[in-house]
file upload24.cif (mmCIF, N, CA and C atoms and all ligand atoms)
data_start
loop_
_atom_site.label_atom_id
_atom_site.label_comp_id
_atom_site.auth_asym_id
_atom_site.auth_seq_id
_atom_site.Cartn_x
_atom_site.Cartn_y
_atom_site.Cartn_z
N MET A 926 19.73 -14.90 -24.21
CA MET A 926 19.87 -13.79 -23.25
C MET A 926 18.58 -12.99 -23.15
N SER A 927 17.52 -13.56 -23.62
CA SER A 927 16.28 -12.79 -23.62
C SER A 927 15.21 -13.47 -22.76
N ASP A 928 15.64 -14.34 -21.90
CA ASP A 928 14.66 -15.02 -21.06
C ASP A 928 14.19 -14.10 -19.94
N GLU A 929 12.90 -14.09 -19.73
CA GLU A 929 12.35 -13.23 -18.69
C GLU A 929 12.08 -14.05 -17.45
N LYS A 930 12.88 -13.82 -16.46
CA LYS A 930 12.69 -14.55 -15.21
C LYS A 930 11.91 -13.70 -14.22
N GLU A 931 11.40 -14.38 -13.23
CA GLU A 931 10.61 -13.68 -12.23
C GLU A 931 11.44 -12.66 -11.47
N ASN A 932 12.60 -13.08 -11.07
CA ASN A 932 13.43 -12.19 -10.28
C ASN A 932 14.23 -11.25 -11.18
N ALA A 933 14.10 -9.99 -10.91
CA ALA A 933 14.81 -9.01 -11.71
C ALA A 933 16.24 -8.88 -11.22
N LYS A 934 17.15 -9.19 -12.09
CA LYS A 934 18.55 -9.04 -11.70
C LYS A 934 19.06 -7.64 -12.02
N GLN A 935 18.46 -7.09 -13.01
CA GLN A 935 18.87 -5.75 -13.39
C GLN A 935 17.76 -4.77 -13.07
N ILE A 936 18.14 -3.69 -12.46
CA ILE A 936 17.16 -2.71 -12.03
C ILE A 936 17.02 -1.60 -13.05
N PHE A 937 15.83 -1.40 -13.50
CA PHE A 937 15.56 -0.29 -14.40
C PHE A 937 14.88 0.83 -13.62
N PRO A 938 15.48 1.99 -13.58
CA PRO A 938 14.94 3.09 -12.78
C PRO A 938 13.51 3.46 -13.16
N GLY A 939 13.17 3.26 -14.39
CA GLY A 939 11.84 3.66 -14.82
C GLY A 939 10.77 2.62 -14.58
N ALA A 940 11.17 1.49 -14.03
CA ALA A 940 10.23 0.39 -13.86
C ALA A 940 9.73 0.32 -12.43
N MET A 941 8.74 -0.51 -12.22
CA MET A 941 8.15 -0.70 -10.91
C MET A 941 8.39 -2.14 -10.49
N TYR A 942 8.75 -2.31 -9.22
CA TYR A 942 9.07 -3.64 -8.76
C TYR A 942 8.21 -4.03 -7.57
N GLU A 943 8.05 -5.32 -7.43
CA GLU A 943 7.21 -5.84 -6.36
C GLU A 943 7.95 -6.97 -5.65
N CYS A 944 7.99 -6.90 -4.34
CA CYS A 944 8.61 -7.95 -3.56
C CYS A 944 7.84 -9.24 -3.78
N VAL A 945 8.56 -10.30 -4.12
CA VAL A 945 7.86 -11.56 -4.43
C VAL A 945 7.34 -12.22 -3.17
N ARG A 946 7.77 -11.71 -2.03
CA ARG A 946 7.36 -12.33 -0.77
C ARG A 946 6.14 -11.65 -0.17
N CYS A 947 6.22 -10.33 -0.02
CA CYS A 947 5.13 -9.63 0.68
C CYS A 947 4.35 -8.71 -0.25
N GLY A 948 4.86 -8.52 -1.45
CA GLY A 948 4.10 -7.75 -2.42
C GLY A 948 4.29 -6.24 -2.31
N THR A 949 5.21 -5.81 -1.44
CA THR A 949 5.48 -4.39 -1.33
C THR A 949 6.06 -3.87 -2.64
N ARG A 950 5.50 -2.79 -3.09
CA ARG A 950 5.96 -2.24 -4.36
C ARG A 950 6.93 -1.10 -4.15
N VAL A 951 7.91 -1.07 -5.00
CA VAL A 951 8.92 -0.04 -4.91
C VAL A 951 9.37 0.32 -6.32
N THR A 952 9.75 1.54 -6.50
CA THR A 952 10.17 1.95 -7.82
C THR A 952 11.62 1.54 -8.06
N GLY A 953 11.98 1.41 -9.30
CA GLY A 953 13.35 1.08 -9.65
C GLY A 953 14.32 2.13 -9.15
N GLU A 954 13.85 3.36 -9.09
CA GLU A 954 14.69 4.44 -8.58
C GLU A 954 15.07 4.20 -7.14
N GLU A 955 14.09 3.78 -6.36
CA GLU A 955 14.35 3.50 -4.95
C GLU A 955 15.33 2.34 -4.80
N LEU A 956 15.12 1.31 -5.58
CA LEU A 956 16.00 0.14 -5.49
C LEU A 956 17.42 0.49 -5.91
N ALA A 957 17.52 1.37 -6.88
CA ALA A 957 18.83 1.73 -7.40
C ALA A 957 19.65 2.49 -6.36
N LYS A 958 18.96 3.09 -5.40
CA LYS A 958 19.68 3.84 -4.37
C LYS A 958 20.32 2.89 -3.36
N LEU A 959 19.76 1.70 -3.24
CA LEU A 959 20.26 0.76 -2.26
C LEU A 959 21.50 0.04 -2.78
N PRO A 960 22.38 -0.35 -1.88
CA PRO A 960 23.56 -1.13 -2.28
C PRO A 960 23.16 -2.44 -2.94
N GLU A 961 22.07 -3.00 -2.47
CA GLU A 961 21.48 -4.14 -3.16
C GLU A 961 19.98 -4.08 -2.93
N PRO A 962 19.22 -4.49 -3.91
CA PRO A 962 17.77 -4.39 -3.80
C PRO A 962 17.22 -5.24 -2.67
N THR A 963 16.70 -4.58 -1.68
CA THR A 963 16.14 -5.27 -0.52
C THR A 963 14.78 -4.68 -0.19
N CYS A 964 13.85 -5.53 0.13
CA CYS A 964 12.51 -5.06 0.49
C CYS A 964 12.57 -4.31 1.81
N ALA A 965 12.00 -3.11 1.83
CA ALA A 965 12.01 -2.31 3.04
C ALA A 965 11.07 -2.89 4.09
N ASN A 966 10.16 -3.70 3.66
CA ASN A 966 9.15 -4.25 4.57
C ASN A 966 9.60 -5.56 5.22
N CYS A 967 10.07 -6.50 4.41
CA CYS A 967 10.38 -7.82 4.95
C CYS A 967 11.85 -8.20 4.76
N GLY A 968 12.59 -7.41 4.01
CA GLY A 968 14.01 -7.69 3.86
C GLY A 968 14.34 -8.70 2.78
N TYR A 969 13.32 -9.16 2.09
CA TYR A 969 13.54 -10.11 1.01
C TYR A 969 14.26 -9.44 -0.14
N ARG A 970 15.02 -10.23 -0.86
CA ARG A 970 15.83 -9.62 -1.90
C ARG A 970 15.45 -10.08 -3.30
N ALA A 971 14.25 -10.55 -3.42
CA ALA A 971 13.79 -10.97 -4.74
C ALA A 971 12.62 -10.11 -5.17
N PHE A 972 12.79 -9.48 -6.30
CA PHE A 972 11.74 -8.63 -6.82
C PHE A 972 11.36 -9.07 -8.22
N ARG A 973 10.16 -8.75 -8.55
CA ARG A 973 9.76 -8.96 -9.93
C ARG A 973 9.24 -7.65 -10.47
N LYS A 974 9.43 -7.50 -11.73
CA LYS A 974 9.03 -6.25 -12.35
C LYS A 974 7.54 -6.27 -12.61
N VAL A 975 6.91 -5.19 -12.28
CA VAL A 975 5.47 -5.07 -12.53
C VAL A 975 5.21 -3.84 -13.38
N ARG A 976 4.03 -3.80 -13.90
CA ARG A 976 3.68 -2.64 -14.72
C ARG A 976 3.49 -1.41 -13.85
N ARG A 977 3.92 -0.32 -14.37
CA ARG A 977 3.72 0.92 -13.63
C ARG A 977 2.25 1.28 -13.65
N PRO A 978 1.74 1.71 -12.52
CA PRO A 978 0.35 2.14 -12.49
C PRO A 978 0.14 3.39 -13.33
N GLY A 979 -0.97 3.45 -13.94
CA GLY A 979 -1.28 4.65 -14.71
C GLY A 979 -1.07 4.47 -16.20
N ILE A 980 -0.34 3.42 -16.54
CA ILE A 980 -0.14 3.16 -17.95
C ILE A 980 -1.23 2.24 -18.46
N LYS A 981 -2.07 2.79 -19.27
CA LYS A 981 -3.17 2.00 -19.79
C LYS A 981 -2.93 1.69 -21.26
N ASN A 982 -2.00 0.85 -21.45
CA ASN A 982 -1.65 0.47 -22.81
C ASN A 982 -2.08 -0.96 -23.07
N LEU A 983 -3.36 -1.11 -23.14
CA LEU A 983 -3.90 -2.45 -23.27
C LEU A 983 -4.02 -2.83 -24.74
N LYS A 984 -3.17 -3.74 -25.09
CA LYS A 984 -3.25 -4.25 -26.46
C LYS A 984 -4.01 -5.56 -26.42
N GLY A 985 -5.28 -5.44 -26.48
CA GLY A 985 -6.11 -6.63 -26.37
C GLY A 985 -5.90 -7.58 -27.52
N GLN A 986 -5.53 -8.78 -27.17
CA GLN A 986 -5.35 -9.80 -28.20
C GLN A 986 -6.44 -10.83 -28.09
ZN ZN B 1 8.88 -7.82 1.07
#
call {"tool": "encode", "arguments": {"input": "upload24.cif", "output": "structure tokens"}}
result
Amino acid sequence: MSDEKENAKQIFPGAMYECVRCGTRVTGEELAKLPEPTCANCGYRAFRKVRRPGIKNLKGQ
């Protein structure tokens, strides 16, 4: 149950999401308001979680 797939099935309000089709970014809060996560730009319903901008937590390995 810990596999990380591209498409986010569960929306985390604190996370940032990106439409896998057109790349439009939307916050989890915005997606959570919708009855189902849909891209406002192209209508696609597949998102992937991206890092929130501004967080510079680079753990260089
Ligand atoms: Zn889109």
call {"tool": "residues_near_ligand", "arguments": {"input": "upload24.cif", "ligand": "ligand ZN 1 (chain B)", "cutoff": "8 Å", "atoms": "all atoms listed in the file", "output": "list in words"}}
result
Glu943, Cys944, Val945, Arg946, Cys947, Gly948, Thr949, Arg950, Thr963, Cys964, Ala965, Asn966, Cys967, Gly968, Tyr969, Arg970 and Ala971 of chain A
call {"tool": "write_last_selection", "arguments": {"input": "upload24.cif", "atoms": "N, CA and C atoms", "output": "mmCIF file, in the frame of the given file"}}
result
data_model
loop_
_atom_site.group_PDB
_atom_site.id
_atom_site.type_symbol
_atom_site.label_atom_id
_atom_site.label_comp_id
_atom_site.auth_asym_id
_atom_site.auth_seq_id
_atom_site.Cartn_x
_atom_site.Cartn_y
_atom_site.Cartn_z
ATOM 1 N N GLU A 943 8.050 -5.320 -7.430
ATOM 2 C CA GLU A 943 7.210 -5.840 -6.360
ATOM 3 C C GLU A 943 7.950 -6.970 -5.650
ATOM 4 N N CYS A 944 7.990 -6.900 -4.340
ATOM 5 C CA CYS A 944 8.610 -7.950 -3.560
ATOM 6 C C CYS A 944 7.840 -9.240 -3.780
ATOM 7 N N VAL A 945 8.560 -10.300 -4.120
ATOM 8 C CA VAL A 945 7.860 -11.560 -4.430
ATOM 9 C C VAL A 945 7.340 -12.220 -3.170
ATOM 10 N N ARG A 946 7.770 -11.710 -2.030
ATOM 11 C CA ARG A 946 7.360 -12.330 -0.770
ATOM 12 C C ARG A 946 6.140 -11.650 -0.170
ATOM 13 N N CYS A 947 6.220 -10.330 -0.020
ATOM 14 C CA CYS A 947 5.130 -9.630 0.680
ATOM 15 C C CYS A 947 4.350 -8.710 -0.250
ATOM 16 N N GLY A 948 4.860 -8.520 -1.450
ATOM 17 C CA GLY A 948 4.100 -7.750 -2.420
ATOM 18 C C GLY A 948 4.290 -6.240 -2.310
ATOM 19 N N THR A 949 5.210 -5.810 -1.440
ATOM 20 C CA THR A 949 5.480 -4.390 -1.330
ATOM 21 C C THR A 949 6.060 -3.870 -2.640
ATOM 22 N N ARG A 950 5.500 -2.790 -3.090
ATOM 23 C CA ARG A 950 5.960 -2.240 -4.360
ATOM 24 C C ARG A 950 6.930 -1.100 -4.150
ATOM 25 N N THR A 963 16.700 -4.580 -1.680
ATOM 26 C CA THR A 963 16.140 -5.270 -0.520
ATOM 27 C C THR A 963 14.780 -4.680 -0.190
ATOM 28 N N CYS A 964 13.850 -5.530 0.130
ATOM 29 C CA CYS A 964 12.510 -5.060 0.490
ATOM 30 C C CYS A 964 12.570 -4.310 1.810
ATOM 31 N N ALA A 965 12.000 -3.110 1.830
ATOM 32 C CA ALA A 965 12.010 -2.310 3.040
ATOM 33 C C ALA A 965 11.070 -2.890 4.090
ATOM 34 N N ASN A 966 10.160 -3.700 3.660
ATOM 35 C CA ASN A 966 9.150 -4.250 4.570
ATOM 36 C C ASN A 966 9.600 -5.560 5.220
ATOM 37 N N CYS A 967 10.070 -6.500 4.410
ATOM 38 C CA CYS A 967 10.380 -7.820 4.950
ATOM 39 C C CYS A 967 11.850 -8.200 4.760
ATOM 40 N N GLY A 968 12.590 -7.410 4.010
ATOM 41 C CA GLY A 968 14.010 -7.690 3.860
ATOM 42 C C GLY A 968 14.340 -8.700 2.780
ATOM 43 N N TYR A 969 13.320 -9.160 2.090
ATOM 44 C CA TYR A 969 13.540 -10.110 1.010
ATOM 45 C C TYR A 969 14.260 -9.440 -0.140
ATOM 46 N N ARG A 970 15.020 -10.230 -0.860
ATOM 47 C CA ARG A 970 15.830 -9.620 -1.900
ATOM 48 C C ARG A 970 15.450 -10.080 -3.300
ATOM 49 N N ALA A 971 14.250 -10.550 -3.420
ATOM 50 C CA ALA A 971 13.790 -10.970 -4.740
ATOM 51 C C ALA A 971 12.620 -10.110 -5.170
#
call {"tool": "residues_around", "arguments": {"input": "upload24.cif", "residues": "range 951-957 of chain A", "least_positions_apart": "4", "cutoff": "6 Å", "atoms": "all atoms listed in the file", "output": "ChimeraX atom specification"}}
result
/A:936-944,962
call {"tool": "atom_distance", "arguments": {"input": "upload24.cif", "atom1": "CA of Arg976 in chain A", "atom2": "CA of Pro960 in chain A"}}
result
23.5 Å
call {"tool": "atom_distance", "arguments": {"input": "upload24.cif", "atom1": "CA of Lys958 in chain A", "atom2": "atom N of Arg973 in chain A"}}
result
16.3 Å
